[in-house]
Amino acid sequence: MTKSIFYSIIFHAMMIVLTALSLPFMTREPISLPPIVSVELIQITDKTNIPFAPKARKIIDKVKKEEKRVVSEQAPPSAKAKEKPDRIPLPDEKKEKKEIIKKKQNPEEIKPQIRQSSEFEKEELINTNEIAALIDKAKEEIALKEIENKKLTQSNVKNSFATGLSLSEEDALRAQIFGCWSVPLGLPYDKDLLVRLKLELKKDGTILKSEVVDHQRMNMPGQKFYKILAESALRAVRLCQPLKVPPTGYEKWKNIQLNFDPTEMLKG
Amino acid sequence: MKKIIIFIFIYLISYSYSNALIKVDITRGNLDPLPIAVSPLHVESASENLENLDTKKLGINISSIIEKNFKSTGLFNPLKREAFVQKPDIAHLKPRFEDWRLIKAQALVTGKLSVKDKKLKVEFRLWDLTASKEMIALSFTTTPSNWRRVAHIISDKIYERLTGEEGYFDTRIIYVAESGPKNQRVKKLAIMDQDGAKTKYLTLGNELVLTPRFNPSNQMVTYLSYFRNLPRVYLLDIETGKQEVVGNFPGMTFAPRFSPDGKKIIMSFAKDGNSDIFTMDLETRVVERITEHSSIDTSPSYSPDGKYICFNSDRSGLQQIYVMKSDGSNVKRITFGNGIYGTPVWSPRGDLIAFTKVRKGKFYIGVMRSDGTGERLLTENFYQEAPSWSPNGRVLVFYRETKSGAQGKGFSAKLWSIDITGYNERKIKTETDASDPSWSSLLSK
């Protein structure tokens, strides 16, 4: 009996300590973070990582030699000139040759990270306002205000620390949905237009389950616009599927929440 | 014991972090027109054929009008019928959603109609193809000659369901139909559907008519006409054709316009070179002065709540737009840009004021917020003016004069429409030259 009381007291004390530790975070104002400038992390290769002086010359020479070799590989026309003009190649043969030429024209493969960035992503990465704010102090306050309003970077930071979804992965997903979401233009932009969608995803990014968090609001009187907005958001995610999700860490992104808010866009 | 407590503590913290839901904010979307398939309405085989109406073609005719309406908004992209994958009657019962999705449609309109006992019955359904479900289904019964209106009403219902704002297709535009040379212009009052169909002339053209304006709450029109060189303000009931003179006014009278409740008319009178704004109660016929200033105050227009009036005045030197309370107090200038501003009209939504701006010899139609901020010039031309709002506040109709003839000596006046984004400028087909348009409220309201 006394033992169980003892355990109960300890357990309750622990809960109080936990609450005391976590509650202040809820009441405290969110920290106003400086604007985030996205930086793409790349691996430093032997080419770019130039060592100290004594070894440098050797390595630079080596690299130059390699580059020369690459240039010589890029000159296939001489081989082509040797071909007999009257010989008609077989169709299969032709295809093979084309492929070989293609490979030679691109001796160094472009990294997929660079190729994947779409127009939307670029806009996200190069936010001129944010960069201007770093240079021009007068704009700094405006940029900070914008960020506070959007709460966008807050969730980015939280996500990247808490769940491991990187900024570029999140941007890719965001850019994909931008393209699929046809915003209903007649919405009253002075009302609360936040629609939260909870999605359960399959490993390939297709949607297993979708749910509007405030679904009861859809049928409330005077909230017809909310129903139309929620439907447009649902249409967007269905159109976009399979969503661009990372190949790993399924357990982390299996459940995801998308917050649709067109207020800024509608205000123009 | 200590170990257990530490273990529970660490477990709780790590659990809360590992289960934090990923949240992604989506603050932008695209403004591309929504791909929509409008399947021809299925005509039931038992339908009667009428003397002046080919019932069999009615299904295609109605769907064509719906398609045209959607296309004119710039918000929808009606897909070509050749790409349709299902017969209208089967699609109306239950569409094969996967097949319609293949042609990249996001919404589908299906329907059927029948004519029995000289009554036309039309039903339609709107389908969300991504969610594979019905969004709206309605049925109408009317006289067969009303088939065009049915098409407009269906367009309105679909527009409202997909965009969240009221449609504007079941509406009419009243305008001044012009013909003859410039120095001997014959001006008649004419009315047509918003798509340019069903034109009807309301006056004979013996007297000069100007500035017709719809009552925002019903189908009454007020306009100005000259009788023995004296301006008279008339009231005309479109439904009954009944016309009455509101009054003879001294000097020049300009631009009578209804108050939002339709109980008053607001206009300006010019006397001894000075023009001020007055209202007239239509029941009591009492005239009340609103402004008293040595400058020229004209073109008054009420805000939709009736609390404010916008007008233009040259009290600061150049003609600019001002806003005041409806009793004439608290006058504030709201335009400060370069150029002359005129013909302000308050949007039915209340958020914007449309205007005509003249700068460096060019005419612009633009919109701005009711406090004068956020000015956007939508269209520029050699001569254009008199914007009028669609009842949902999304589109403006105005008239534009262009030079015509081989040597450019003649001129032609036509009606044009543009939406408030400035992207969707269209010419409205009229039988004659046209000016001074005014858009009605929804007929089916």
# chains A, B, ... in the order shown; residues from 1 in each chain; ligands from 1
call {"tool": "interface_residues", "arguments": {"of": "chain A", "to": "chain B", "cutoff": "7 Å", "atoms": "only C-alpha atoms", "output": "PyMOL selection string"}}
result
chain A and resi 152+155+159+162-163+174+178-179+181-187+225+228+235+238-239+253+255-262+265
call {"tool": "residues_around", "arguments": {"residues": "Ile177 of chain A", "least_positions_apart": "4", "cutoff": "7 Å", "atoms": "only C-alpha atoms", "output": "list in words"}}
result
Leu173, Trp181, Ala236, Val237 and Cys240 of chain A
call {"tool": "write_last_selection", "arguments": {"atoms": "C-alpha atoms", "output": "mmCIF file, in the first residue's frame"}}
result
data_model
loop_
_atom_site.group_PDB
_atom_site.id
_atom_site.type_symbol
_atom_site.label_atom_id
_atom_site.label_comp_id
_atom_site.auth_asym_id
_atom_site.auth_seq_id
_atom_site.Cartn_x
_atom_site.Cartn_y
_atom_site.Cartn_z
ATOM 1 C CA LEU A 173 6.429 19.346 -51.696
ATOM 2 C CA TRP A 181 -4.055 24.213 -56.305
ATOM 3 C CA ALA A 236 -5.201 19.954 -55.149
ATOM 4 C CA VAL A 237 -3.717 17.117 -53.104
ATOM 5 C CA CYS A 240 -0.892 16.157 -57.134
#
call {"tool": "atom_distance", "arguments": {"atom1": "atom CA of Lys200 of chain B", "atom2": "atom CA of Ile174 of chain B"}}
result
9.5 Å
call {"tool": "closest_residue", "arguments": {"among": "B:Val38, B:Ile334, B:Ile60, B:Ile265", "to": "Pro300 of chain B", "atoms": "only C-alpha atoms"}}
result
B:Ile265
call {"tool": "closest_residue", "arguments": {"among": "B:Glu385, B:Asp276, B:Asp305, B:Asp351", "to": "Ile365 of chain B", "atoms": "only C-alpha atoms"}}
result
B:Glu385
call {"tool": "residues_around", "arguments": {"residues": "Pro35 of chain B", "least_positions_apart": "6", "cutoff": "10 Å", "atoms": "only C-alpha atoms", "output": "PyMOL selection string"}}
result
chain B and resi 75-79+103-108
call {"tool": "closest_residue", "arguments": {"among": "B:Arg333, B:Met267, B:Ile4, B:Ser217", "to": "Pro348 of chain B", "atoms": "only C-alpha atoms"}}
result
B:Ser217
call {"tool": "select_by_dssp", "arguments": {"residues": "segment 104-342 of chain B", "states": "helix (DSSP H, G or I)", "output": "PDB file with C-alpha atoms, in the first residue's frame"}}
result
ATOM      1  CA  PRO B 144     -39.655  26.407 -73.439  1.00  0.00           C
ATOM      2  CA  SER B 145     -38.943  29.933 -74.774  1.00  0.00           C
ATOM      3  CA  ASN B 146     -37.011  30.591 -71.565  1.00  0.00           C
ATOM      4  CA  TRP B 147     -34.299  28.066 -72.417  1.00  0.00           C
ATOM      5  CA  ARG B 148     -31.562  30.713 -72.657  1.00  0.00           C
ATOM      6  CA  ARG B 149     -32.290  31.926 -69.152  1.00  0.00           C
ATOM      7  CA  VAL B 150     -32.161  28.341 -67.874  1.00  0.00           C
ATOM      8  CA  ALA B 151     -28.659  28.047 -69.365  1.00  0.00           C
ATOM      9  CA  HIS B 152     -27.615  31.274 -67.617  1.00  0.00           C
ATOM     10  CA  ILE B 153     -29.111  30.175 -64.288  1.00  0.00           C
ATOM     11  CA  ILE B 154     -27.288  26.817 -64.493  1.00  0.00           C
ATOM     12  CA  SER B 155     -24.055  28.732 -65.248  1.00  0.00           C
ATOM     13  CA  ASP B 156     -24.630  30.914 -62.182  1.00  0.00           C
ATOM     14  CA  LYS B 157     -25.204  27.939 -59.886  1.00  0.00           C
ATOM     15  CA  ILE B 158     -22.058  26.164 -61.087  1.00  0.00           C
ATOM     16  CA  TYR B 159     -19.989  29.354 -60.938  1.00  0.00           C
ATOM     17  CA  GLU B 160     -21.106  29.968 -57.356  1.00  0.00           C
ATOM     18  CA  ARG B 161     -20.411  26.376 -56.324  1.00  0.00           C
ATOM     19  CA  LEU B 162     -16.873  26.418 -57.738  1.00  0.00           C
ATOM     20  CA  THR B 163     -15.669  29.955 -56.992  1.00  0.00           C
ATOM     21  CA  LYS B 182     -21.545  61.990 -85.295  1.00  0.00           C
ATOM     22  CA  ASN B 183     -23.317  65.348 -85.634  1.00  0.00           C
ATOM     23  CA  GLN B 184     -26.741  63.721 -86.132  1.00  0.00           C
TER      24      GLN B 184
END
call {"tool": "residues_around", "arguments": {"residues": "Ile290 of chain B", "least_positions_apart": "5", "cutoff": "8 Å", "atoms": "only C-alpha atoms", "output": "PyMOL selection string"}}
result
chain B and resi 276-279+326-328
call {"tool": "write_last_selection", "arguments": {"atoms": "C-alpha atoms", "output": "PDB file, in the first residue's frame"}}
result
ATOM      1  CA  ASP B 276     -23.892  70.331 -56.943  1.00  0.00           C
ATOM      2  CA  ILE B 277     -25.205  66.964 -55.798  1.00  0.00           C
ATOM      3  CA  PHE B 278     -28.835  66.407 -54.826  1.00  0.00           C
ATOM      4  CA  THR B 279     -31.006  63.446 -53.882  1.00  0.00           C
ATOM      5  CA  SER B 326     -24.386  60.240 -47.275  1.00  0.00           C
ATOM      6  CA  ASP B 327     -25.555  63.447 -45.551  1.00  0.00           C
ATOM      7  CA  GLY B 328     -22.780  65.413 -47.263  1.00  0.00           C
TER       8      GLY B 328
END
call {"tool": "atom_distance", "arguments": {"atom1": "atom CA of Val209 of chain B", "atom2": "atom CA of Lys188 of chain B"}}
result
6.4 Å
call {"tool": "residues_around", "arguments": {"residues": "Thr253 of chain B", "least_positions_apart": "6", "cutoff": "9 Å", "atoms": "only C-alpha atoms", "output": "list of chain:residue names"}}
result
B:Leu224, B:Pro231, B:Arg232, B:Val233, B:Met267, B:Ser268, B:Phe269, B:Ala270, B:Ser275
call {"tool": "atom_distance", "arguments": {"atom1": "atom CA of Leu234 of chain A", "atom2": "atom CA of Trp127 of chain B"}}
result
14.3 Å
call {"tool": "closest_residue", "arguments": {"among": "B:Met220, B:Pro95, B:Arg228, B:Tyr322", "to": "Lys242 of chain B", "atoms": "only C-alpha atoms"}}
result
B:Met220
call {"tool": "residues_around", "arguments": {"residues": "Gln319 of chain B", "least_positions_apart": "5", "cutoff": "7 Å", "atoms": "only C-alpha atoms", "output": "NGL selection string"}}
result
:B and (312-314 or 340-341)
